Every structure is written in C-alpha cells, then in structure tokens.
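Shown here: upload.tsv, TSV, N, CA and C atoms.
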chain	number	residue	atom	x	y	z
A	1235	MET	N	0.87	-1.18	0.00
A	1235	MET	CA	0.00	0.00	0.00
A	1235	MET	C	0.91	1.23	0.00
A	1236	PRO	N	0.63	2.22	-0.86
A	1236	PRO	CA	1.45	3.43	-0.89
A	1236	PRO	C	1.30	4.23	0.41
A	1237	ARG	N	2.32	5.05	0.69
A	1237	ARG	CA	2.26	5.87	1.90
A	1237	ARG	C	1.06	6.81	1.84
A	1238	ARG	N	0.55	7.17	2.98
A	1238	ARG	CA	-0.57	8.11	3.06
A	1238	ARG	C	-0.06	9.53	2.92
A	1239	VAL	N	-0.92	10.39	2.41
A	1239	VAL	CA	-0.59	11.81	2.38
A	1239	VAL	C	-0.87	12.39	3.75
A	1240	SER	N	-0.29	13.53	4.04
A	1240	SER	CA	-0.41	14.12	5.36
A	1240	SER	C	-1.36	15.33	5.32
A	1241	VAL	N	-2.48	15.19	5.98
A	1241	VAL	CA	-3.44	16.29	6.08
A	1241	VAL	C	-3.09	17.09	7.33
A	1242	ARG	N	-2.82	18.40	7.12
A	1242	ARG	CA	-2.42	19.26	8.25
A	1242	ARG	C	-3.61	19.95	8.91
A	1243	GLY	N	-4.70	20.10	8.17
A	1243	GLY	CA	-5.87	20.79	8.70
A	1243	GLY	C	-6.90	21.00	7.61
A	1244	LEU	N	-7.92	21.75	7.92
A	1244	LEU	CA	-8.96	22.08	6.95
A	1244	LEU	C	-8.63	23.43	6.33
A	1245	PHE	N	-8.59	23.51	5.00
A	1245	PHE	CA	-8.29	24.78	4.35
A	1245	PHE	C	-9.56	25.50	3.94
A	1246	GLU	N	-10.51	24.79	3.35
A	1246	GLU	CA	-11.73	25.48	2.93
A	1246	GLU	C	-12.92	24.57	2.97
A	1247	THR	N	-14.07	25.20	3.08
A	1247	THR	CA	-15.34	24.50	2.95
A	1247	THR	C	-16.28	25.43	2.18
A	1248	HIS	N	-17.16	24.85	1.41
A	1248	HIS	CA	-18.07	25.63	0.56
A	1248	HIS	C	-19.51	25.22	0.83
A	1249	LEU	N	-20.37	26.18	0.77
A	1249	LEU	CA	-21.81	25.96	0.97
A	1249	LEU	C	-22.59	26.56	-0.18
A	1250	THR	N	-23.70	25.93	-0.51
A	1250	THR	CA	-24.64	26.49	-1.48
A	1250	THR	C	-25.68	27.27	-0.69
A	1251	VAL	N	-25.97	28.51	-1.12
A	1251	VAL	CA	-26.89	29.37	-0.38
A	1251	VAL	C	-27.99	29.88	-1.31
A	1252	SER	N	-29.16	30.15	-0.76
A	1252	SER	CA	-30.28	30.62	-1.58
A	1252	SER	C	-30.22	32.12	-1.85
A	1253	ASP	N	-29.55	32.89	-0.99
A	1253	ASP	CA	-29.45	34.34	-1.16
A	1253	ASP	C	-28.01	34.75	-0.83
A	1254	LEU	N	-27.21	34.94	-1.87
A	1254	LEU	CA	-25.79	35.20	-1.67
A	1254	LEU	C	-25.56	36.50	-0.91
A	1255	ASP	N	-26.25	37.57	-1.27
A	1255	ASP	CA	-26.04	38.85	-0.59
A	1255	ASP	C	-26.36	38.75	0.90
A	1256	ARG	N	-27.48	38.10	1.22
A	1256	ARG	CA	-27.86	37.93	2.63
A	1256	ARG	C	-26.83	37.09	3.37
A	1257	SER	N	-26.33	36.05	2.72
A	1257	SER	CA	-25.33	35.18	3.35
A	1257	SER	C	-24.01	35.90	3.56
A	1258	VAL	N	-23.56	36.69	2.57
A	1258	VAL	CA	-22.33	37.47	2.73
A	1258	VAL	C	-22.49	38.43	3.91
A	1259	THR	N	-23.62	39.11	3.98
A	1259	THR	CA	-23.87	40.04	5.08
A	1259	THR	C	-23.83	39.32	6.42
A	1260	PHE	N	-24.45	38.15	6.51
A	1260	PHE	CA	-24.47	37.39	7.75
A	1260	PHE	C	-23.05	37.00	8.18
A	1261	TYR	N	-22.30	36.35	7.27
A	1261	TYR	CA	-20.97	35.88	7.65
A	1261	TYR	C	-19.99	37.04	7.89
A	1262	ARG	N	-20.19	38.16	7.21
A	1262	ARG	CA	-19.32	39.32	7.40
A	1262	ARG	C	-19.70	40.09	8.66
A	1263	ASP	N	-20.98	40.46	8.80
A	1263	ASP	CA	-21.40	41.37	9.86
A	1263	ASP	C	-21.80	40.69	11.16
A	1264	VAL	N	-22.32	39.48	11.10
A	1264	VAL	CA	-22.76	38.80	12.31
A	1264	VAL	C	-21.67	37.86	12.82
A	1265	VAL	N	-21.14	37.02	11.93
A	1265	VAL	CA	-20.11	36.07	12.34
A	1265	VAL	C	-18.73	36.75	12.44
A	1266	GLY	N	-18.52	37.78	11.63
A	1266	GLY	CA	-17.27	38.54	11.70
A	1266	GLY	C	-16.16	38.02	10.80
A	1267	LEU	N	-16.52	37.28	9.74
A	1267	LEU	CA	-15.51	36.78	8.81
A	1267	LEU	C	-15.26	37.81	7.71
A	1268	PRO	N	-14.01	38.25	7.54
A	1268	PRO	CA	-13.74	39.23	6.49
A	1268	PRO	C	-13.91	38.63	5.10
A	1269	VAL	N	-14.41	39.44	4.18
A	1269	VAL	CA	-14.58	39.00	2.80
A	1269	VAL	C	-13.20	38.94	2.14
A	1270	ALA	N	-12.89	37.79	1.56
A	1270	ALA	CA	-11.62	37.61	0.84
A	1270	ALA	C	-11.79	37.97	-0.63
A	1271	LEU	N	-12.93	37.59	-1.21
A	1271	LEU	CA	-13.17	37.80	-2.64
A	1271	LEU	C	-14.65	37.62	-2.93
A	1272	GLU	N	-15.18	38.50	-3.76
A	1272	GLU	CA	-16.54	38.35	-4.27
A	1272	GLU	C	-16.45	38.21	-5.78
A	1273	VAL	N	-17.18	37.25	-6.34
A	1273	VAL	CA	-17.18	37.00	-7.78
A	1273	VAL	C	-18.63	36.99	-8.25
A	1274	PRO	N	-19.22	38.19	-8.42
A	1274	PRO	CA	-20.65	38.25	-8.75
A	1274	PRO	C	-21.03	37.51	-10.04
A	1275	GLU	N	-20.14	37.54	-11.03
A	1275	GLU	CA	-20.46	36.87	-12.30
A	1275	GLU	C	-20.50	35.34	-12.15
A	1276	ARG	N	-19.92	34.81	-11.08
A	1276	ARG	CA	-19.97	33.37	-10.81
A	1276	ARG	C	-20.97	33.05	-9.70
A	1277	GLY	N	-21.57	34.09	-9.10
A	1277	GLY	CA	-22.51	33.87	-8.00
A	1277	GLY	C	-21.81	33.30	-6.78
A	1278	ALA	N	-20.59	33.83	-6.49
A	1278	ALA	CA	-19.80	33.27	-5.40
A	1278	ALA	C	-19.14	34.36	-4.57
A	1279	ALA	N	-18.88	34.04	-3.32
A	1279	ALA	CA	-18.13	34.93	-2.42
A	1279	ALA	C	-17.34	34.05	-1.46
A	1280	PHE	N	-16.20	34.57	-1.01
A	1280	PHE	CA	-15.30	33.81	-0.15
A	1280	PHE	C	-14.92	34.66	1.06
A	1281	HIS	N	-14.93	34.05	2.23
A	1281	HIS	CA	-14.57	34.72	3.48
A	1281	HIS	C	-13.37	34.02	4.09
A	1282	TRP	N	-12.46	34.81	4.69
A	1282	TRP	CA	-11.35	34.23	5.44
A	1282	TRP	C	-11.85	33.78	6.80
A	1283	ILE	N	-11.31	32.66	7.26
A	1283	ILE	CA	-11.54	32.18	8.61
A	1283	ILE	C	-10.18	32.22	9.29
A	1284	GLY	N	-10.08	32.98	10.37
A	1284	GLY	CA	-8.77	33.18	10.99
A	1284	GLY	C	-7.98	34.19	10.16
A	1285	LYS	N	-6.67	34.00	10.12
A	1285	LYS	CA	-5.81	34.91	9.35
A	1285	LYS	C	-6.01	34.70	7.86
A	1286	ALA	N	-5.85	35.78	7.08
A	1286	ALA	CA	-5.95	35.68	5.62
A	1286	ALA	C	-5.00	34.61	5.12
A	1287	GLY	N	-5.51	33.72	4.29
A	1287	GLY	CA	-4.71	32.64	3.74
A	1287	GLY	C	-4.71	31.37	4.58
A	1288	GLN	N	-5.29	31.43	5.77
A	1288	GLN	CA	-5.26	30.28	6.68
A	1288	GLN	C	-6.39	29.29	6.37
A	1289	ALA	N	-7.60	29.76	6.24
A	1289	ALA	CA	-8.75	28.92	5.94
A	1289	ALA	C	-9.84	29.80	5.34
A	1290	MET	N	-10.75	29.19	4.59
A	1290	MET	CA	-11.74	29.98	3.86
A	1290	MET	C	-13.10	29.29	3.84
A	1291	LEU	N	-14.14	30.13	3.82
A	1291	LEU	CA	-15.51	29.68	3.62
A	1291	LEU	C	-15.96	30.21	2.27
A	1292	GLY	N	-16.37	29.33	1.38
A	1292	GLY	CA	-16.90	29.74	0.07
A	1292	GLY	C	-18.41	29.63	0.07
A	1293	LEU	N	-19.05	30.63	-0.48
A	1293	LEU	CA	-20.52	30.64	-0.60
A	1293	LEU	C	-20.88	30.70	-2.08
A	1294	TRP	N	-21.76	29.84	-2.51
A	1294	TRP	CA	-22.17	29.77	-3.91
A	1294	TRP	C	-23.70	29.88	-4.00
A	1295	SER	N	-24.18	30.71	-4.90
A	1295	SER	CA	-25.63	30.78	-5.16
A	1295	SER	C	-26.09	29.44	-5.72
A	1296	ILE	N	-27.30	29.06	-5.42
A	1296	ILE	CA	-27.85	27.80	-5.92
A	1296	ILE	C	-27.70	27.77	-7.45
A	1297	GLY	N	-27.14	26.67	-7.95
A	1297	GLY	CA	-26.99	26.47	-9.38
A	1297	GLY	C	-25.75	27.10	-9.99
A	1298	SER	N	-24.95	27.83	-9.20
A	1298	SER	CA	-23.79	28.51	-9.78
A	1298	SER	C	-22.48	27.75	-9.58
A	1299	ALA	N	-22.47	26.78	-8.70
A	1299	ALA	CA	-21.22	26.07	-8.38
A	1299	ALA	C	-20.86	25.08	-9.48
A	1300	PRO	N	-19.55	24.89	-9.71
A	1300	PRO	CA	-19.12	23.91	-10.70
A	1300	PRO	C	-19.59	22.52	-10.36
A	1301	MET	N	-19.84	21.69	-11.35
A	1301	MET	CA	-20.27	20.28	-11.20
A	1301	MET	C	-21.52	20.16	-10.34
A	1302	ASN	N	-22.34	21.18	-10.31
A	1302	ASN	CA	-23.56	21.15	-9.50
A	1302	ASN	C	-23.23	20.87	-8.02
A	1303	MET	N	-22.07	21.37	-7.60
A	1303	MET	CA	-21.58	21.17	-6.24
A	1303	MET	C	-22.57	21.74	-5.22
A	1304	GLN	N	-22.80	21.00	-4.15
A	1304	GLN	CA	-23.62	21.50	-3.07
A	1304	GLN	C	-22.79	21.74	-1.82
A	1305	LEU	N	-21.85	20.86	-1.55
A	1305	LEU	CA	-20.95	20.99	-0.41
A	1305	LEU	C	-19.55	20.60	-0.87
A	1306	HIS	N	-18.54	21.18	-0.25
A	1306	HIS	CA	-17.17	20.89	-0.65
A	1306	HIS	C	-16.24	21.22	0.50
A	1307	ILE	N	-15.21	20.40	0.68
A	1307	ILE	CA	-14.17	20.71	1.64
A	1307	ILE	C	-12.82	20.52	0.97
A	1308	ALA	N	-11.81	21.21	1.45
A	1308	ALA	CA	-10.44	21.03	0.97
A	1308	ALA	C	-9.52	21.03	2.18
A	1309	PHE	N	-8.55	20.14	2.16
A	1309	PHE	CA	-7.61	20.02	3.28
A	1309	PHE	C	-6.37	20.87	3.04
A	1310	ASP	N	-5.75	21.28	4.12
A	1310	ASP	CA	-4.46	21.94	4.09
A	1310	ASP	C	-3.41	20.84	4.07
A	1311	MET	N	-2.58	20.83	3.01
A	1311	MET	CA	-1.56	19.79	2.84
A	1311	MET	C	-0.29	20.41	2.30
A	1312	ALA	N	0.83	19.74	2.51
A	1312	ALA	CA	2.09	20.16	1.91
A	1312	ALA	C	1.98	20.02	0.40
A	1313	LEU	N	2.65	20.90	-0.34
A	1313	LEU	CA	2.60	20.86	-1.80
A	1313	LEU	C	3.02	19.50	-2.35
A	1314	ALA	N	4.04	18.90	-1.77
A	1314	ALA	CA	4.50	17.59	-2.24
A	1314	ALA	C	3.37	16.55	-2.13
A	1315	ASP	N	2.58	16.62	-1.07
A	1315	ASP	CA	1.47	15.69	-0.91
A	1315	ASP	C	0.34	15.97	-1.90
A	1316	VAL	N	0.10	17.23	-2.20
A	1316	VAL	CA	-0.91	17.58	-3.21
A	1316	VAL	C	-0.50	17.02	-4.56
A	1317	LEU	N	0.77	17.21	-4.92
A	1317	LEU	CA	1.26	16.73	-6.21
A	1317	LEU	C	1.25	15.20	-6.28
A	1318	ALA	N	1.45	14.53	-5.15
A	1318	ALA	CA	1.47	13.07	-5.11
A	1318	ALA	C	0.07	12.46	-5.02
A	1319	ALA	N	-0.93	13.24	-4.69
A	1319	ALA	CA	-2.28	12.72	-4.43
A	1319	ALA	C	-2.88	11.94	-5.59
A	1320	PRO	N	-2.83	12.43	-6.85
A	1320	PRO	CA	-3.44	11.64	-7.93
A	1320	PRO	C	-2.84	10.23	-8.06
A	1321	ALA	N	-1.50	10.11	-7.99
A	1321	ALA	CA	-0.87	8.79	-8.07
A	1321	ALA	C	-1.26	7.93	-6.88
A	1322	HIS	N	-1.35	8.53	-5.70
A	1322	HIS	CA	-1.76	7.80	-4.49
A	1322	HIS	C	-3.17	7.26	-4.65
A	1323	LEU	N	-4.08	8.10	-5.16
A	1323	LEU	CA	-5.46	7.66	-5.37
A	1323	LEU	C	-5.51	6.52	-6.39
A	1324	LEU	N	-4.80	6.68	-7.52
A	1324	LEU	CA	-4.79	5.62	-8.54
A	1324	LEU	C	-4.25	4.31	-7.97
A	1325	ALA	N	-3.17	4.39	-7.18
A	1325	ALA	CA	-2.59	3.20	-6.57
A	1325	ALA	C	-3.54	2.55	-5.57
A	1326	SER	N	-4.47	3.33	-5.04
A	1326	SER	CA	-5.47	2.82	-4.09
A	1326	SER	C	-6.75	2.38	-4.78
A	1327	GLY	N	-6.74	2.38	-6.13
A	1327	GLY	CA	-7.91	1.95	-6.89
A	1327	GLY	C	-8.99	3.00	-7.03
A	1328	ILE	N	-8.64	4.27	-6.84
A	1328	ILE	CA	-9.61	5.37	-6.91
A	1328	ILE	C	-9.23	6.27	-8.07
A	1329	GLN	N	-10.19	6.54	-8.97
A	1329	GLN	CA	-9.93	7.42	-10.10
A	1329	GLN	C	-10.09	8.88	-9.67
A	1330	PRO	N	-8.99	9.65	-9.67
A	1330	PRO	CA	-9.13	11.08	-9.35
A	1330	PRO	C	-9.85	11.80	-10.48
A	1331	LEU	N	-10.60	12.83	-10.12
A	1331	LEU	CA	-11.34	13.61	-11.10
A	1331	LEU	C	-10.88	15.05	-11.08
A	1332	SER	N	-10.97	15.71	-12.22
A	1332	SER	CA	-10.64	17.13	-12.31
A	1332	SER	C	-11.77	17.95	-11.69
A	1333	PHE	N	-11.58	19.26	-11.64
A	1333	PHE	CA	-12.59	20.17	-11.12
A	1333	PHE	C	-13.90	20.05	-11.91
A	1334	TYR	N	-13.80	19.58	-13.16
A	1334	TYR	CA	-14.97	19.46	-14.03
A	1334	TYR	C	-15.53	18.05	-14.09
A	1335	GLY	N	-15.06	17.16	-13.19
A	1335	GLY	CA	-15.59	15.82	-13.11
A	1335	GLY	C	-15.02	14.85	-14.13
A	1336	GLU	N	-13.92	15.21	-14.80
A	1336	GLU	CA	-13.31	14.34	-15.80
A	1336	GLU	C	-12.13	13.61	-15.17
A	1337	PRO	N	-11.86	12.37	-15.61
A	1337	PRO	CA	-10.71	11.63	-15.08
A	1337	PRO	C	-9.42	12.44	-15.21
A	1338	ALA	N	-8.60	12.40	-14.17
A	1338	ALA	CA	-7.33	13.12	-14.17
A	1338	ALA	C	-6.24	12.16	-13.69
A	1339	SER	N	-5.06	12.29	-14.27
A	1339	SER	CA	-3.97	11.42	-13.85
A	1339	SER	C	-2.86	12.19	-13.15
A	1340	GLY	N	-2.97	13.50	-13.12
A	1340	GLY	CA	-1.95	14.33	-12.47
A	1340	GLY	C	-2.57	15.59	-11.93
A	1341	CYS	N	-1.77	16.32	-11.18
A	1341	CYS	CA	-2.22	17.57	-10.59
A	1341	CYS	C	-2.08	18.67	-11.64
A	1342	LEU	N	-3.12	19.42	-11.87
A	1342	LEU	CA	-3.11	20.47	-12.90
A	1342	LEU	C	-2.87	21.84	-12.26
A	1343	LEU	N	-1.65	22.12	-11.92
A	1343	LEU	CA	-1.28	23.41	-11.34
A	1343	LEU	C	-0.76	24.32	-12.43
A	1344	PRO	N	-1.01	25.66	-12.31
A	1344	PRO	CA	-0.50	26.57	-13.33
A	1344	PRO	C	1.01	26.61	-13.35
For this file, produce the structure as structure tokens.
Amino acid sequence: MPRRVSVRGLFETHLTVSDLDRSVTFYRDVVGLPVALEVPERGAAFHWIGKAGQAMLGLWSIGSAPMNMQLHIAFDMALADVLAAPAHLLASGIQPLSFYGEPASGCLLP
C-alpha cells in the first residue's frame, strides 16, 4: 500500500446558499468573517476564517457552483502531498477527477 498523504488541517469549505447577498452580510457582519473575494459573475463569495490565507468559507448561489456542487471541503496539505495525491489515489484503486468531473492522472497546477 502506498504511503498516506499528510493532512495538516482544513483549508476550505463551501456551501450552497439561496441568497448570496444575505449570506455574505451574515458571515461578514454577524459572524465577523472578512470577505476575501466576491465574484458576482460566478454567484460566489469567499470569506477568510482566521488569518488571511489560513482557511476559507466559500458561498455559492444555488446552481452557480461547478459540477452542481452542493458541499465541498479542501484540506491543508504540503505541496508535495498535493502533487502526489493523484498517483496515491490511482494506486489505491480510486480514479481522481478534475474540477470538471473528468478523469485526471496528475495535478493540474499553473
């Protein structure tokens, strides 16, 4: 069995919301999470949790998320583990998928 990747923590989680403006206002003004980025043309907004760059909450308007996503989480991992993840999944009998739901054999970083 290949070595396991090392998860250091939770980096992001995403929620689908019925009213993006109301949700941004709630998480910004009531919960106190600073807005990291708003993308109105995608129906999305992102809030920092803790220090900027540490963890994030993504909010998506119903029907605007890629792959009809409803919930999503991402782990904080070392870059080497991220790059090794597709091969680890394949070796474990799991087909990794791209952001668009297509089979992927490697990490697609810019």
TODO: Choose the residue, out of A:Gly1297, A:Gly1335, A:Pro1330, A:Gly1340, that has the smallest atom-to-atom separation from A:Val1316; count only N, CA and C atoms.
DONE: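 Using only N, CA and C atoms, the shortest distance to A:Val1316 belongs to A:Gly1340.
Nearest residue to A:Ala1279 among A:Trp1294, A:Phe1309, A:Pro1337, A:Arg1256 is A:Trp1294, counting all atoms listed in the file.
Every protein, DNA or RNA residue with an atom at most 6 Å from A:Ser1295, where all atoms listed in the file count and chain neighbours fewer than 2 positions away do not, is listed here: Thr1250, Val1251, Ser1252, Leu1254, Gly1277, Ala1278, Leu1293, Gly1297, Ser1298 and Ala1299 of chain A.
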Task: Straight-line distance linking atom N of A:Leu1324 with atom CA of A:Gly1292, stated in Å to one decimal - done: 27.1 Å
- [ ] Enter the distance from atom CA of A:Leu1244 to atom C of A:Asp1310, in Å, rounded to one decimal.
- [x]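 The value is 6.4 Å.
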TODO: Record the distance separating atom N of A:Pro1320 and atom CA of A:Ser1240, expressed in Å with one decimal.
DONE: 12.6 Å
- [ ] From a DSSP pass on the backbone, collect the residues of chain A flagged as strand (DSSP E or B) and hand them back as an MDAnalysis selection string.
- [x] chainID A and resid 1241:1251 1269:1273 1278:1283 1289:1295 1305:1311 1331 1337
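Residue nearest A:Leu1267, chosen from A:Leu1313, A:Ile1283, A:Ala1318, A:Leu1323 and counting all atoms listed in the file: A:Ile1283.
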Open item on the list: Could you check the closest approach to A:Leu1249 for each of A:Val1264, A:Leu1271, A:Ala1286, A:Leu1291 and tell me which residue wins, using only C-alpha atoms?
Closed with: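 Checking each candidate against A:Leu1249, we get A:Leu1291 as the closest.
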TODO: Select from chain A everything DSSP, run on the backbone, classes as alpha helix (DSSP H), then give the selection as number ranges by chain.
DONE: A: 1254-1259, 1313-1325
Open item on the list: Neighbouring residues of A:Val1269 were defined as those with any atom within 9 Å, considering only C-alpha atoms; residues of the same chain fewer than 2 positions away were excluded. Please report them as a PyMOL selection string.
Closed with: chain A and resi 1258+1261-1262+1267+1271-1272+1279-1282
Take stretch 1239-1341 of chain A from the block and save it with C-alpha atoms, as a PDB file, in the first residue's frame.
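That gives us part.pdb:
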ATOM      1  CA  VAL A1239      -0.593  11.814   2.378  1.00  0.00           C
ATOM      2  CA  SER A1240      -0.412  14.125   5.365  1.00  0.00           C
ATOM      3  CA  VAL A1241      -3.441  16.291   6.079  1.00  0.00           C
ATOM      4  CA  ARG A1242      -2.421  19.264   8.250  1.00  0.00           C
ATOM      5  CA  GLY A1243      -5.866  20.787   8.704  1.00  0.00           C
ATOM      6  CA  LEU A1244      -8.963  22.083   6.950  1.00  0.00           C
ATOM      7  CA  PHE A1245      -8.294  24.779   4.346  1.00  0.00           C
ATOM      8  CA  GLU A1246     -11.726  25.483   2.927  1.00  0.00           C
ATOM      9  CA  THR A1247     -15.344  24.505   2.946  1.00  0.00           C
ATOM     10  CA  HIS A1248     -18.065  25.628   0.562  1.00  0.00           C
ATOM     11  CA  LEU A1249     -21.807  25.964   0.974  1.00  0.00           C
ATOM     12  CA  THR A1250     -24.640  26.490  -1.477  1.00  0.00           C
ATOM     13  CA  VAL A1251     -26.891  29.371  -0.379  1.00  0.00           C
ATOM     14  CA  SER A1252     -30.278  30.623  -1.577  1.00  0.00           C
ATOM     15  CA  ASP A1253     -29.452  34.339  -1.159  1.00  0.00           C
ATOM     16  CA  LEU A1254     -25.790  35.198  -1.670  1.00  0.00           C
ATOM     17  CA  ASP A1255     -26.038  38.851  -0.591  1.00  0.00           C
ATOM     18  CA  ARG A1256     -27.862  37.933   2.629  1.00  0.00           C
ATOM     19  CA  SER A1257     -25.330  35.178   3.349  1.00  0.00           C
ATOM     20  CA  VAL A1258     -22.333  37.473   2.728  1.00  0.00           C
ATOM     21  CA  THR A1259     -23.871  40.037   5.077  1.00  0.00           C
ATOM     22  CA  PHE A1260     -24.467  37.388   7.749  1.00  0.00           C
ATOM     23  CA  TYR A1261     -20.970  35.883   7.652  1.00  0.00           C
ATOM     24  CA  ARG A1262     -19.323  39.324   7.401  1.00  0.00           C
ATOM     25  CA  ASP A1263     -21.401  41.371   9.855  1.00  0.00           C
ATOM     26  CA  VAL A1264     -22.761  38.799  12.310  1.00  0.00           C
ATOM     27  CA  VAL A1265     -20.105  36.067  12.345  1.00  0.00           C
ATOM     28  CA  GLY A1266     -17.269  38.538  11.699  1.00  0.00           C
ATOM     29  CA  LEU A1267     -15.509  36.779   8.812  1.00  0.00           C
ATOM     30  CA  PRO A1268     -13.737  39.234   6.489  1.00  0.00           C
ATOM     31  CA  VAL A1269     -14.577  38.999   2.797  1.00  0.00           C
ATOM     32  CA  ALA A1270     -11.623  37.610   0.842  1.00  0.00           C
ATOM     33  CA  LEU A1271     -13.167  37.797  -2.637  1.00  0.00           C
ATOM     34  CA  GLU A1272     -16.538  38.350  -4.268  1.00  0.00           C
ATOM     35  CA  VAL A1273     -17.178  37.000  -7.780  1.00  0.00           C
ATOM     36  CA  PRO A1274     -20.652  38.254  -8.755  1.00  0.00           C
ATOM     37  CA  GLU A1275     -20.456  36.866 -12.300  1.00  0.00           C
ATOM     38  CA  ARG A1276     -19.973  33.371 -10.810  1.00  0.00           C
ATOM     39  CA  GLY A1277     -22.507  33.868  -7.998  1.00  0.00           C
ATOM     40  CA  ALA A1278     -19.801  33.270  -5.396  1.00  0.00           C
ATOM     41  CA  ALA A1279     -18.135  34.929  -2.418  1.00  0.00           C
ATOM     42  CA  PHE A1280     -15.297  33.815  -0.149  1.00  0.00           C
ATOM     43  CA  HIS A1281     -14.574  34.715   3.483  1.00  0.00           C
ATOM     44  CA  TRP A1282     -11.354  34.227   5.435  1.00  0.00           C
ATOM     45  CA  ILE A1283     -11.543  32.178   8.611  1.00  0.00           C
ATOM     46  CA  GLY A1284      -8.772  33.183  10.986  1.00  0.00           C
ATOM     47  CA  LYS A1285      -5.811  34.910   9.353  1.00  0.00           C
ATOM     48  CA  ALA A1286      -5.951  35.682   5.621  1.00  0.00           C
ATOM     49  CA  GLY A1287      -4.714  32.635   3.740  1.00  0.00           C
ATOM     50  CA  GLN A1288      -5.261  30.280   6.680  1.00  0.00           C
ATOM     51  CA  ALA A1289      -8.749  28.916   5.935  1.00  0.00           C
ATOM     52  CA  MET A1290     -11.739  29.975   3.859  1.00  0.00           C
ATOM     53  CA  LEU A1291     -15.511  29.684   3.617  1.00  0.00           C
ATOM     54  CA  GLY A1292     -16.898  29.736   0.073  1.00  0.00           C
ATOM     55  CA  LEU A1293     -20.516  30.641  -0.600  1.00  0.00           C
ATOM     56  CA  TRP A1294     -22.175  29.775  -3.914  1.00  0.00           C
ATOM     57  CA  SER A1295     -25.627  30.777  -5.157  1.00  0.00           C
ATOM     58  CA  ILE A1296     -27.852  27.798  -5.925  1.00  0.00           C
ATOM     59  CA  GLY A1297     -26.990  26.471  -9.379  1.00  0.00           C
ATOM     60  CA  SER A1298     -23.794  28.511  -9.778  1.00  0.00           C
ATOM     61  CA  ALA A1299     -21.224  26.073  -8.378  1.00  0.00           C
ATOM     62  CA  PRO A1300     -19.115  23.908 -10.704  1.00  0.00           C
ATOM     63  CA  MET A1301     -20.266  20.279 -11.199  1.00  0.00           C
ATOM     64  CA  ASN A1302     -23.561  21.152  -9.497  1.00  0.00           C
ATOM     65  CA  MET A1303     -21.581  21.168  -6.239  1.00  0.00           C
ATOM     66  CA  GLN A1304     -23.618  21.498  -3.068  1.00  0.00           C
ATOM     67  CA  LEU A1305     -20.945  20.995  -0.409  1.00  0.00           C
ATOM     68  CA  HIS A1306     -17.169  20.894  -0.653  1.00  0.00           C
ATOM     69  CA  ILE A1307     -14.167  20.712   1.642  1.00  0.00           C
ATOM     70  CA  ALA A1308     -10.439  21.025   0.972  1.00  0.00           C
ATOM     71  CA  PHE A1309      -7.614  20.023   3.277  1.00  0.00           C
ATOM     72  CA  ASP A1310      -4.458  21.943   4.094  1.00  0.00           C
ATOM     73  CA  MET A1311      -1.563  19.792   2.845  1.00  0.00           C
ATOM     74  CA  ALA A1312       2.087  20.164   1.913  1.00  0.00           C
ATOM     75  CA  LEU A1313       2.604  20.861  -1.802  1.00  0.00           C
ATOM     76  CA  ALA A1314       4.495  17.591  -2.242  1.00  0.00           C
ATOM     77  CA  ASP A1315       1.465  15.689  -0.908  1.00  0.00           C
ATOM     78  CA  VAL A1316      -0.911  17.581  -3.206  1.00  0.00           C
ATOM     79  CA  LEU A1317       1.258  16.727  -6.206  1.00  0.00           C
ATOM     80  CA  ALA A1318       1.467  13.066  -5.114  1.00  0.00           C
ATOM     81  CA  ALA A1319      -2.277  12.716  -4.429  1.00  0.00           C
ATOM     82  CA  PRO A1320      -3.435  11.640  -7.932  1.00  0.00           C
ATOM     83  CA  ALA A1321      -0.872   8.792  -8.075  1.00  0.00           C
ATOM     84  CA  HIS A1322      -1.758   7.802  -4.485  1.00  0.00           C
ATOM     85  CA  LEU A1323      -5.457   7.658  -5.374  1.00  0.00           C
ATOM     86  CA  LEU A1324      -4.795   5.621  -8.542  1.00  0.00           C
ATOM     87  CA  ALA A1325      -2.590   3.200  -6.573  1.00  0.00           C
ATOM     88  CA  SER A1326      -5.473   2.825  -4.087  1.00  0.00           C
ATOM     89  CA  GLY A1327      -7.909   1.947  -6.894  1.00  0.00           C
ATOM     90  CA  ILE A1328      -9.612   5.367  -6.910  1.00  0.00           C
ATOM     91  CA  GLN A1329      -9.929   7.422 -10.104  1.00  0.00           C
ATOM     92  CA  PRO A1330      -9.132  11.080  -9.346  1.00  0.00           C
ATOM     93  CA  LEU A1331     -11.344  13.608 -11.100  1.00  0.00           C
ATOM     94  CA  SER A1332     -10.645  17.133 -12.314  1.00  0.00           C
ATOM     95  CA  PHE A1333     -12.594  20.174 -11.123  1.00  0.00           C
ATOM     96  CA  TYR A1334     -14.969  19.460 -14.035  1.00  0.00           C
ATOM     97  CA  GLY A1335     -15.591  15.820 -13.105  1.00  0.00           C
ATOM     98  CA  GLU A1336     -13.310  14.342 -15.797  1.00  0.00           C
ATOM     99  CA  PRO A1337     -10.713  11.627 -15.076  1.00  0.00           C
ATOM    100  CA  ALA A1338      -7.326  13.117 -14.168  1.00  0.00           C
ATOM    101  CA  SER A1339      -3.971  11.419 -13.854  1.00  0.00           C
ATOM    102  CA  GLY A1340      -1.952  14.329 -12.473  1.00  0.00           C
ATOM    103  CA  CYS A1341      -2.224  17.568 -10.594  1.00  0.00           C
TER     104      CYS A1341
END
